[in-house]
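> model17.csv is the file, holding CSV, C-alpha atoms and all ligand atoms:
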chain,number,residue,atom,x,y,z
A,146,ARG,CA,-14.2,-19.4,-21.2
A,147,THR,CA,-15.4,-15.8,-21.6
A,148,VAL,CA,-12.5,-13.3,-21.2
A,149,TYR,CA,-12.4,-9.6,-21.1
A,150,VAL,CA,-10.3,-7.4,-23.4
A,151,ASN,CA,-10.5,-3.6,-23.7
A,152,GLY,CA,-14.2,-3.2,-22.9
A,153,GLU,CA,-15.4,-6.4,-24.5
A,154,TYR,CA,-16.4,-9.8,-23.1
A,155,LEU,CA,-15.5,-12.4,-25.7
A,156,PRO,CA,-14.8,-16.2,-26.1
A,157,GLU,CA,-11.1,-16.7,-25.3
A,158,THR,CA,-10.5,-17.8,-29.0
A,159,GLU,CA,-11.7,-14.4,-30.3
A,160,ALA,CA,-9.9,-12.1,-27.9
A,161,THR,CA,-6.9,-10.4,-29.5
A,162,VAL,CA,-4.1,-7.9,-28.6
A,163,SER,CA,-1.7,-6.2,-31.0
A,164,ILE,CA,1.7,-7.9,-31.6
A,165,PHE,CA,3.2,-4.4,-31.0
A,166,ASP,CA,1.7,-4.2,-27.5
A,167,ARG,CA,4.5,-3.2,-25.1
A,168,GLY,CA,3.3,-5.9,-22.7
A,169,PHE,CA,4.3,-8.5,-25.3
A,170,LEU,CA,7.5,-6.7,-26.6
A,171,PHE,CA,8.9,-5.1,-23.4
A,172,ALA,CA,7.1,-6.8,-20.5
A,173,ASP,CA,5.8,-3.3,-20.0
A,174,ALA,CA,2.8,-4.4,-18.0
A,175,VAL,CA,1.6,-5.0,-14.5
A,176,TYR,CA,-0.8,-7.6,-13.2
A,177,GLU,CA,-2.9,-8.7,-10.2
A,178,VAL,CA,-4.3,-12.1,-9.3
A,179,THR,CA,-7.4,-12.2,-7.1
A,180,SER,CA,-8.8,-15.4,-5.7
A,181,VAL,CA,-12.5,-16.4,-5.7
A,182,LEU,CA,-14.1,-18.4,-2.9
A,183,ASP,CA,-17.8,-19.2,-2.7
A,184,GLY,CA,-18.2,-17.2,-6.0
A,185,LYS,CA,-16.9,-14.0,-4.2
A,186,LEU,CA,-13.7,-11.9,-4.5
A,187,ILE,CA,-11.1,-12.1,-1.8
A,188,ASP,CA,-9.6,-8.7,-0.8
A,189,PHE,CA,-10.5,-7.0,-4.1
A,190,GLU,CA,-9.8,-3.6,-2.4
A,191,GLY,CA,-6.2,-4.6,-1.6
A,192,HIS,CA,-5.5,-5.7,-5.2
A,193,ALA,CA,-7.1,-2.6,-6.7
A,194,VAL,CA,-5.0,-0.3,-4.4
A,195,ARG,CA,-1.8,-2.2,-5.3
A,196,LEU,CA,-2.6,-2.1,-9.0
A,197,GLU,CA,-3.0,1.7,-8.7
A,198,ARG,CA,0.4,1.9,-7.0
A,199,SER,CA,2.1,-0.3,-9.7
A,200,LEU,CA,0.6,1.9,-12.5
A,201,ASN,CA,1.7,5.1,-10.7
A,202,GLU,CA,5.3,3.8,-10.2
A,203,LEU,CA,5.5,3.2,-14.0
A,204,ASP,CA,3.7,6.3,-15.1
A,205,MET,CA,1.1,4.1,-16.7
A,206,GLN,CA,-2.5,5.3,-17.2
A,207,ALA,CA,-5.3,3.5,-15.3
A,208,PRO,CA,-7.4,1.7,-17.9
A,209,CYS,CA,-10.6,2.4,-15.9
A,210,THR,CA,-12.0,3.2,-12.4
A,211,LYS,CA,-11.9,0.9,-9.4
A,212,GLU,CA,-15.6,0.5,-9.6
A,213,GLU,CA,-15.5,-0.5,-13.2
A,214,LEU,CA,-12.7,-3.1,-12.4
A,215,LEU,CA,-14.9,-4.5,-9.7
A,216,GLU,CA,-17.8,-4.8,-12.1
A,217,ILE,CA,-15.6,-6.6,-14.7
A,218,HIS,CA,-14.3,-9.0,-12.0
A,219,ARG,CA,-17.8,-9.9,-10.9
A,220,LYS,CA,-19.2,-10.2,-14.4
A,221,LEU,CA,-16.4,-12.7,-15.4
A,222,VAL,CA,-17.0,-14.7,-12.2
A,223,GLU,CA,-20.7,-14.9,-13.1
A,224,LEU,CA,-20.3,-15.6,-16.9
A,225,ASN,CA,-17.8,-18.4,-16.2
A,226,GLY,CA,-19.6,-19.8,-13.1
A,227,ILE,CA,-16.6,-19.6,-10.9
A,228,GLU,CA,-17.1,-20.8,-7.4
A,229,GLU,CA,-13.4,-21.3,-6.5
A,230,GLY,CA,-10.6,-20.0,-8.7
A,231,LEU,CA,-8.6,-17.0,-9.7
A,232,ILE,CA,-9.0,-13.9,-11.8
A,233,TYR,CA,-6.0,-12.7,-13.7
A,234,LEU,CA,-5.8,-9.0,-14.6
A,235,GLN,CA,-3.1,-7.4,-16.7
A,236,VAL,CA,-2.6,-3.8,-17.8
A,237,SER,CA,0.0,-3.1,-20.4
A,238,ARG,CA,1.1,0.3,-21.8
A,239,GLY,CA,-0.4,-0.6,-25.2
A,240,SER,CA,1.4,0.7,-28.3
A,241,ASP,CA,1.5,3.2,-31.1
A,242,GLY,CA,1.7,0.4,-33.6
A,243,ASP,CA,5.5,-0.1,-33.8
A,244,ARG,CA,8.4,-1.2,-31.6
A,245,ASP,CA,10.1,1.7,-29.8
A,246,PHE,CA,11.9,1.9,-26.5
A,247,VAL,CA,10.4,5.3,-26.0
A,248,PHE,CA,7.0,5.2,-24.3
A,249,PRO,CA,4.1,5.9,-26.7
A,250,SER,CA,2.3,9.3,-26.6
A,251,GLU,CA,0.1,10.1,-23.6
A,252,ASP,CA,-3.2,9.5,-25.5
A,253,THR,CA,-2.2,5.8,-26.2
A,254,LYS,CA,-4.7,3.6,-24.4
A,255,PRO,CA,-3.4,1.0,-22.1
A,256,THR,CA,-4.5,-2.6,-22.8
A,257,LEU,CA,-6.7,-4.2,-20.2
A,258,VAL,CA,-7.1,-8.0,-20.2
A,259,LEU,CA,-8.8,-10.2,-17.6
A,260,PHE,CA,-9.5,-13.9,-17.5
A,261,THR,CA,-10.7,-16.5,-15.0
A,262,GLN,CA,-9.1,-19.8,-14.0
A,263,ASN,CA,-11.5,-22.3,-12.5
A,264,LYS,CA,-9.9,-24.1,-9.6
A,265,PRO,CA,-12.3,-26.3,-7.7
A,266,GLY,CA,-10.7,-27.3,-4.4
A,267,LEU,CA,-8.4,-24.3,-4.2
A,268,ALA,CA,-9.1,-23.8,-0.5
A,269,ASN,CA,-9.1,-27.5,0.4
A,270,SER,CA,-5.9,-28.2,-1.5
A,271,SER,CA,-4.0,-31.4,-1.0
A,272,ALA,CA,-0.8,-29.5,-1.6
A,273,ALA,CA,-1.5,-27.5,1.5
A,274,GLN,CA,-2.1,-30.7,3.5
A,275,LYS,CA,1.2,-32.1,2.4
A,276,GLY,CA,3.2,-28.9,2.6
A,277,ALA,CA,5.8,-27.6,0.1
A,278,LYS,CA,9.4,-28.4,-0.4
A,279,VAL,CA,11.6,-25.4,-1.3
A,280,ILE,CA,15.1,-25.0,-2.6
A,281,SER,CA,17.1,-21.8,-2.4
A,282,ILE,CA,18.4,-20.0,-5.5
A,283,GLU,CA,20.1,-16.7,-6.1
A,284,ASP,CA,17.8,-13.7,-6.6
A,285,ILE,CA,18.9,-12.1,-9.9
A,286,ARG,CA,15.7,-10.1,-10.5
A,287,TRP,CA,15.6,-6.4,-11.1
A,288,GLY,CA,15.5,-3.9,-8.2
A,289,ARG,CA,11.8,-2.9,-8.2
A,290,ARG,CA,10.2,-6.1,-7.1
A,291,ASP,CA,7.6,-4.0,-5.2
A,292,ILE,CA,6.0,-3.2,-8.6
A,293,LYS,CA,4.0,-6.2,-9.8
A,294,THR,CA,5.3,-6.4,-13.4
A,295,VAL,CA,4.8,-9.3,-15.7
A,296,GLN,CA,8.6,-9.9,-15.8
A,297,LEU,CA,8.2,-13.4,-14.6
A,298,LEU,CA,10.9,-15.3,-16.6
A,299,TYR,CA,13.3,-15.7,-13.7
A,300,PRO,CA,10.6,-16.8,-11.2
A,301,SER,CA,9.4,-19.2,-13.8
A,302,MET,CA,12.9,-20.6,-14.3
A,303,GLY,CA,13.1,-20.8,-10.4
A,304,LYS,CA,10.1,-23.1,-10.4
A,305,MET,CA,11.7,-25.2,-13.1
A,306,MET,CA,14.9,-25.5,-11.0
A,307,ALA,CA,12.8,-26.5,-8.0
A,308,LYS,CA,11.0,-29.1,-10.1
A,309,ALA,CA,14.3,-30.5,-11.4
A,310,ALA,CA,15.5,-30.8,-7.8
A,311,GLY,CA,12.3,-32.7,-6.8
A,312,ALA,CA,11.0,-29.7,-4.9
A,313,ASP,CA,7.9,-27.5,-5.3
A,314,ASP,CA,9.2,-24.0,-5.2
A,315,ALA,CA,12.3,-21.8,-4.7
A,316,TRP,CA,13.1,-19.1,-2.2
A,317,MET,CA,15.4,-16.5,-3.6
A,318,ILE,CA,18.5,-15.1,-1.8
A,319,GLU,CA,20.2,-11.7,-2.2
A,320,ASP,CA,23.3,-10.6,-0.3
A,321,GLY,CA,22.9,-13.7,1.9
A,322,TYR,CA,19.3,-13.0,2.9
A,323,VAL,CA,16.0,-14.6,1.7
A,324,THR,CA,14.0,-12.1,-0.3
A,325,GLU,CA,10.8,-14.1,-1.2
A,326,GLY,CA,9.5,-17.2,-3.0
A,327,THR,CA,9.1,-17.2,-6.8
A,328,SER,CA,5.4,-16.2,-6.4
A,329,ASN,CA,4.9,-15.8,-2.7
A,330,ASN,CA,6.2,-14.1,0.5
A,331,ALA,CA,8.4,-16.3,2.8
A,332,TYR,CA,8.3,-16.9,6.6
A,333,TYR,CA,9.8,-19.2,9.1
A,334,VAL,CA,8.8,-19.9,12.7
A,335,LYS,CA,11.2,-20.5,15.6
A,336,ASP,CA,10.2,-20.8,19.2
A,337,GLY,CA,6.8,-19.4,18.4
A,338,VAL,CA,8.2,-16.3,16.6
A,339,ILE,CA,7.2,-15.7,13.0
A,340,VAL,CA,10.0,-14.1,11.0
A,341,THR,CA,9.6,-12.5,7.6
A,342,ARG,CA,11.5,-9.9,5.6
A,343,PRO,CA,10.3,-6.3,6.0
A,344,LEU,CA,8.7,-4.5,3.1
A,345,SER,CA,11.0,-2.6,0.7
A,346,ASN,CA,11.7,-2.4,-3.0
A,347,ASP,CA,13.3,-5.9,-2.7
A,348,ILE,CA,10.0,-7.8,-2.4
A,349,LEU,CA,6.4,-7.7,-3.5
A,350,HIS,CA,4.1,-6.1,-0.9
A,351,GLY,CA,1.9,-9.2,-0.7
A,352,ILE,CA,-1.8,-8.6,-0.2
A,353,THR,CA,-2.0,-11.9,1.7
A,354,ARG,CA,1.1,-11.0,3.7
A,355,LYS,CA,-0.6,-7.9,5.0
A,356,ALA,CA,-3.8,-9.8,6.0
A,357,VAL,CA,-1.9,-12.7,7.5
A,358,LEU,CA,0.4,-10.5,9.6
A,359,ARG,CA,-2.7,-8.6,10.9
A,360,LEU,CA,-4.4,-11.9,11.8
A,361,ALA,CA,-1.3,-13.3,13.5
A,362,GLU,CA,-1.1,-10.1,15.6
A,363,GLU,CA,-4.7,-10.4,16.5
A,364,ALA,CA,-4.1,-14.0,17.6
A,365,GLN,CA,-1.3,-12.7,19.9
A,366,MET,CA,1.4,-14.4,17.8
A,367,LYS,CA,4.9,-12.9,17.9
A,368,ILE,CA,6.2,-11.4,14.6
A,369,GLU,CA,9.6,-10.2,13.7
A,370,GLU,CA,10.0,-8.3,10.4
A,371,ARG,CA,13.7,-8.6,9.7
A,372,LEU,CA,16.2,-10.0,7.2
A,373,PHE,CA,16.8,-13.8,7.6
A,374,THR,CA,19.1,-16.3,6.1
A,375,ILE,CA,18.3,-19.7,4.5
A,376,ASP,CA,20.3,-21.4,7.3
A,377,GLU,CA,17.9,-19.9,9.9
A,378,ALA,CA,15.0,-21.2,7.9
A,379,LYS,CA,16.6,-24.7,7.8
A,380,GLU,CA,16.8,-24.7,11.6
A,381,ALA,CA,13.2,-23.4,12.0
A,382,ASP,CA,10.4,-25.3,13.7
A,383,GLU,CA,8.2,-24.6,10.7
A,384,ALA,CA,7.9,-22.3,7.7
A,385,PHE,CA,5.3,-21.2,5.2
A,386,THR,CA,4.5,-18.8,2.3
A,387,THR,CA,1.6,-16.6,1.5
A,388,SER,CA,0.0,-15.6,-1.8
A,389,ALA,CA,-3.4,-14.8,-3.1
A,390,SER,CA,-3.5,-18.0,-5.1
A,391,ALA,CA,-2.3,-20.4,-2.4
A,392,PHE,CA,-3.3,-18.5,0.7
A,393,VAL,CA,-1.0,-19.8,3.5
A,394,MET,CA,1.1,-22.7,2.3
A,395,PRO,CA,3.1,-24.7,4.8
A,396,VAL,CA,6.7,-25.4,3.9
A,397,VAL,CA,8.0,-28.7,5.2
A,398,GLU,CA,11.5,-28.9,3.7
A,399,VAL,CA,14.2,-26.3,2.9
A,400,ASP,CA,17.1,-27.3,0.7
A,401,GLY,CA,16.5,-31.0,1.5
A,402,VAL,CA,16.3,-30.4,5.3
A,403,ALA,CA,13.0,-31.4,6.9
A,404,LEU,CA,11.5,-28.9,9.3
A,405,GLY,CA,10.2,-30.2,12.6
A,406,ASP,CA,8.7,-33.6,11.9
A,407,GLY,CA,8.4,-32.9,8.2
A,408,THR,CA,4.7,-32.1,8.2
A,409,PRO,CA,2.9,-28.8,8.1
A,410,GLY,CA,3.5,-26.9,11.4
A,411,PRO,CA,0.8,-25.8,13.8
A,412,ILE,CA,1.2,-22.1,13.3
A,413,ALA,CA,1.1,-22.3,9.5
A,414,LYS,CA,-2.0,-24.6,9.7
A,415,ARG,CA,-3.7,-22.2,12.2
A,416,LEU,CA,-3.0,-19.1,10.1
A,417,ARG,CA,-4.3,-20.8,7.0
A,418,GLU,CA,-7.5,-21.7,8.8
A,419,ILE,CA,-8.0,-18.2,10.2
A,420,TYR,CA,-7.1,-16.5,6.9
A,421,LEU,CA,-9.6,-18.6,4.9
A,422,GLU,CA,-12.3,-18.1,7.5
A,423,GLU,CA,-11.8,-14.3,7.7
A,424,SER,CA,-11.4,-14.0,3.9
A,425,ARG,CA,-14.7,-15.9,3.2
A,426,ALA,CA,-16.4,-13.6,5.7
A,427,GLN,CA,-15.1,-10.4,4.1
A,428,ALA,CA,-15.4,-11.5,0.5
A,429,ILE,CA,-17.4,-9.3,-1.8
A,501,LIG,N1,6.0,-12.3,-4.0
A,501,LIG,C1,5.9,-12.5,-5.3
A,501,LIG,C2,7.2,-12.5,-6.1
A,501,LIG,C3,4.7,-12.8,-6.0
A,501,LIG,O1,4.7,-13.1,-7.3
A,501,LIG,C4,3.5,-12.9,-5.2
A,501,LIG,C5,2.2,-13.3,-5.8
A,501,LIG,N2,1.9,-12.7,-7.0
A,501,LIG,C6,3.6,-12.7,-3.8
A,501,LIG,C7,4.8,-12.3,-3.3
A,501,LIG,C8,2.4,-12.7,-3.0
A,501,LIG,O2,1.6,-11.6,-3.1
A,501,LIG,P1,0.0,-11.7,-2.9
A,501,LIG,O3,-0.2,-12.2,-1.5
A,501,LIG,O4,-0.5,-10.3,-3.1
A,501,LIG,O5,-0.5,-12.7,-3.9
Write out the structure in this file as structure tokens.
Ligand code: PMP

Amino acid sequence: RTVYVNGEYLPETEATVSIFDRGFLFADAVYEVTSVLDGKLIDFEGHAVRLERSLNELDMQAPCTKEELLEIHRKLVELNGIEEGLIYLQVSRGSDGDRDFVFPSEDTKPTLVLFTQNKPGLANSSAAQKGAKVISIEDIRWGRRDIKTVQLLYPSMGKMMAKAAGADDAWMIEDGYVTEGTSNNAYYVKDGVIVTRPLSNDILHGITRKAVLRLAEEAQMKIEERLFTIDEAKEADEAFTTSASAFVMPVVEVDGVALGDGTPGPIAKRLREIYLEESRAQAI
């Protein structure tokens, strides 16, 4: 695989970052994951805009312009022959060559790393045909989940807890209400109404969420953005999650309770179809 690090395209075995990099020592870094279908980027603009916002919220310098980012994405897709897959991008604050809680001086360059993940069959996934089982866990993450930082230890532990329970993923709960999945936004459907938590600092402002809610509205589906409990989700007709890497993923079980007949619901399936179709058409 050819990867990108600070201006260079290199074999993955030759790409290096300082051990003092604040991304490594302090999780002082933000990231984006953009999917690739038919060799093209899905919603690059949305990811670029969110990256800019994450950087601003953390007073981190932009490593390059949006146009340069697009060029790097495209070049990596080409060099690695990606038809379906993901592009991971990470910007960290870099370092002055030592460990210090205080941010380095203004002229310290951020570290920019990108790599591709080849995922043939991403759009036609068997996981989506089966649907996901989720468990609920307490949300103990920090209070700025709207910033896409690389602090993913707890979400990672959440996935492990799900696995240990025989499930696929975990939905997190704070003050009695579902925030989001470990790496996706969460929705349930009851009597034809799609319910999802409104945007705030408590959840990531999903790029896929935005697109899917727009498409649902265009398809005359009813949407309620409000807080909801895990018990509501357990009594739902169906449920699903959205993320750039799994698109619309039907959820068929919540805390051991099967939703509907235990197979992916019609609204989740329809939204997945519409989302994939429109994304392919808009891909650049
Ligand atoms: N919430 C969390 C916690 C996530 O990690 C992600 C995916 N990175 C999402 C939601 C979905 O966001 P997007 O649709 O932009 O991938």
> Give the residues close to ligand LIG 501 (chain A), within 10 Å, counting only C-alpha atoms and all ligand atoms; write them as JSON, numbers by chain.
{"A": [176, 177, 178, 179, 180, 188, 191, 192, 195, 286, 290, 291, 292, 293, 294, 295, 296, 297, 300, 316, 317, 324, 325, 326, 327, 328, 329, 330, 331, 347, 348, 349, 350, 351, 352, 353, 354, 355, 356, 357, 386, 387, 388, 389, 390, 391, 392, 393]}
> Deliver the residues from the most recent selection as a file, using C-alpha atoms, as a PDB file, keeping the file's coordinate frame.

ATOM      1  CA  TYR A 176      -0.800  -7.600 -13.200  1.00  0.00           C
ATOM      2  CA  GLU A 177      -2.900  -8.700 -10.200  1.00  0.00           C
ATOM      3  CA  VAL A 178      -4.300 -12.100  -9.300  1.00  0.00           C
ATOM      4  CA  THR A 179      -7.400 -12.200  -7.100  1.00  0.00           C
ATOM      5  CA  SER A 180      -8.800 -15.400  -5.700  1.00  0.00           C
ATOM      6  CA  ASP A 188      -9.600  -8.700  -0.800  1.00  0.00           C
ATOM      7  CA  GLY A 191      -6.200  -4.600  -1.600  1.00  0.00           C
ATOM      8  CA  HIS A 192      -5.500  -5.700  -5.200  1.00  0.00           C
ATOM      9  CA  ARG A 195      -1.800  -2.200  -5.300  1.00  0.00           C
ATOM     10  CA  ARG A 286      15.700 -10.100 -10.500  1.00  0.00           C
ATOM     11  CA  ARG A 290      10.200  -6.100  -7.100  1.00  0.00           C
ATOM     12  CA  ASP A 291       7.600  -4.000  -5.200  1.00  0.00           C
ATOM     13  CA  ILE A 292       6.000  -3.200  -8.600  1.00  0.00           C
ATOM     14  CA  LYS A 293       4.000  -6.200  -9.800  1.00  0.00           C
ATOM     15  CA  THR A 294       5.300  -6.400 -13.400  1.00  0.00           C
ATOM     16  CA  VAL A 295       4.800  -9.300 -15.700  1.00  0.00           C
ATOM     17  CA  GLN A 296       8.600  -9.900 -15.800  1.00  0.00           C
ATOM     18  CA  LEU A 297       8.200 -13.400 -14.600  1.00  0.00           C
ATOM     19  CA  PRO A 300      10.600 -16.800 -11.200  1.00  0.00           C
ATOM     20  CA  TRP A 316      13.100 -19.100  -2.200  1.00  0.00           C
ATOM     21  CA  MET A 317      15.400 -16.500  -3.600  1.00  0.00           C
ATOM     22  CA  THR A 324      14.000 -12.100  -0.300  1.00  0.00           C
ATOM     23  CA  GLU A 325      10.800 -14.100  -1.200  1.00  0.00           C
ATOM     24  CA  GLY A 326       9.500 -17.200  -3.000  1.00  0.00           C
ATOM     25  CA  THR A 327       9.100 -17.200  -6.800  1.00  0.00           C
ATOM     26  CA  SER A 328       5.400 -16.200  -6.400  1.00  0.00           C
ATOM     27  CA  ASN A 329       4.900 -15.800  -2.700  1.00  0.00           C
ATOM     28  CA  ASN A 330       6.200 -14.100   0.500  1.00  0.00           C
ATOM     29  CA  ALA A 331       8.400 -16.300   2.800  1.00  0.00           C
ATOM     30  CA  ASP A 347      13.300  -5.900  -2.700  1.00  0.00           C
ATOM     31  CA  ILE A 348      10.000  -7.800  -2.400  1.00  0.00           C
ATOM     32  CA  LEU A 349       6.400  -7.700  -3.500  1.00  0.00           C
ATOM     33  CA  HIS A 350       4.100  -6.100  -0.900  1.00  0.00           C
ATOM     34  CA  GLY A 351       1.900  -9.200  -0.700  1.00  0.00           C
ATOM     35  CA  ILE A 352      -1.800  -8.600  -0.200  1.00  0.00           C
ATOM     36  CA  THR A 353      -2.000 -11.900   1.700  1.00  0.00           C
ATOM     37  CA  ARG A 354       1.100 -11.000   3.700  1.00  0.00           C
ATOM     38  CA  LYS A 355      -0.600  -7.900   5.000  1.00  0.00           C
ATOM     39  CA  ALA A 356      -3.800  -9.800   6.000  1.00  0.00           C
ATOM     40  CA  VAL A 357      -1.900 -12.700   7.500  1.00  0.00           C
ATOM     41  CA  THR A 386       4.500 -18.800   2.300  1.00  0.00           C
ATOM     42  CA  THR A 387       1.600 -16.600   1.500  1.00  0.00           C
ATOM     43  CA  SER A 388       0.000 -15.600  -1.800  1.00  0.00           C
ATOM     44  CA  ALA A 389      -3.400 -14.800  -3.100  1.00  0.00           C
ATOM     45  CA  SER A 390      -3.500 -18.000  -5.100  1.00  0.00           C
ATOM     46  CA  ALA A 391      -2.300 -20.400  -2.400  1.00  0.00           C
ATOM     47  CA  PHE A 392      -3.300 -18.500   0.700  1.00  0.00           C
ATOM     48  CA  VAL A 393      -1.000 -19.800   3.500  1.00  0.00           C
TER      49      VAL A 393
END
> From the options A:Ala364, A:Val181, A:Leu203, A:Val323, which residue's atoms come nearest to Glu377 (chain A), counting all atoms listed in the file?
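Using all atoms listed in the file, the shortest distance to Glu377 (chain A) belongs to A:Val323.
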> Distance CA of Gly266 (chain A)-CA of Asp314 (chain A), one decimal place?
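Separating CA of Gly266 (chain A) from CA of Asp314 (chain A) is a distance of 20.2 Å.
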> Compare A:Leu155, A:Glu212, A:Glu229, A:Met205 by their minimum atom-to-atom distance to Asp252 (chain A), counting only C-alpha atoms, and give me the closest one.
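Ranking A:Leu155, A:Glu212, A:Glu229, A:Met205 by distance to Asp252 (chain A), first place goes to A:Met205.
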> Find the residue from A:Ala207, A:Ser301, A:Asp166, A:Tyr149 that sits nearest to Asp245 (chain A); use only C-alpha atoms when measuring.
A:Asp166
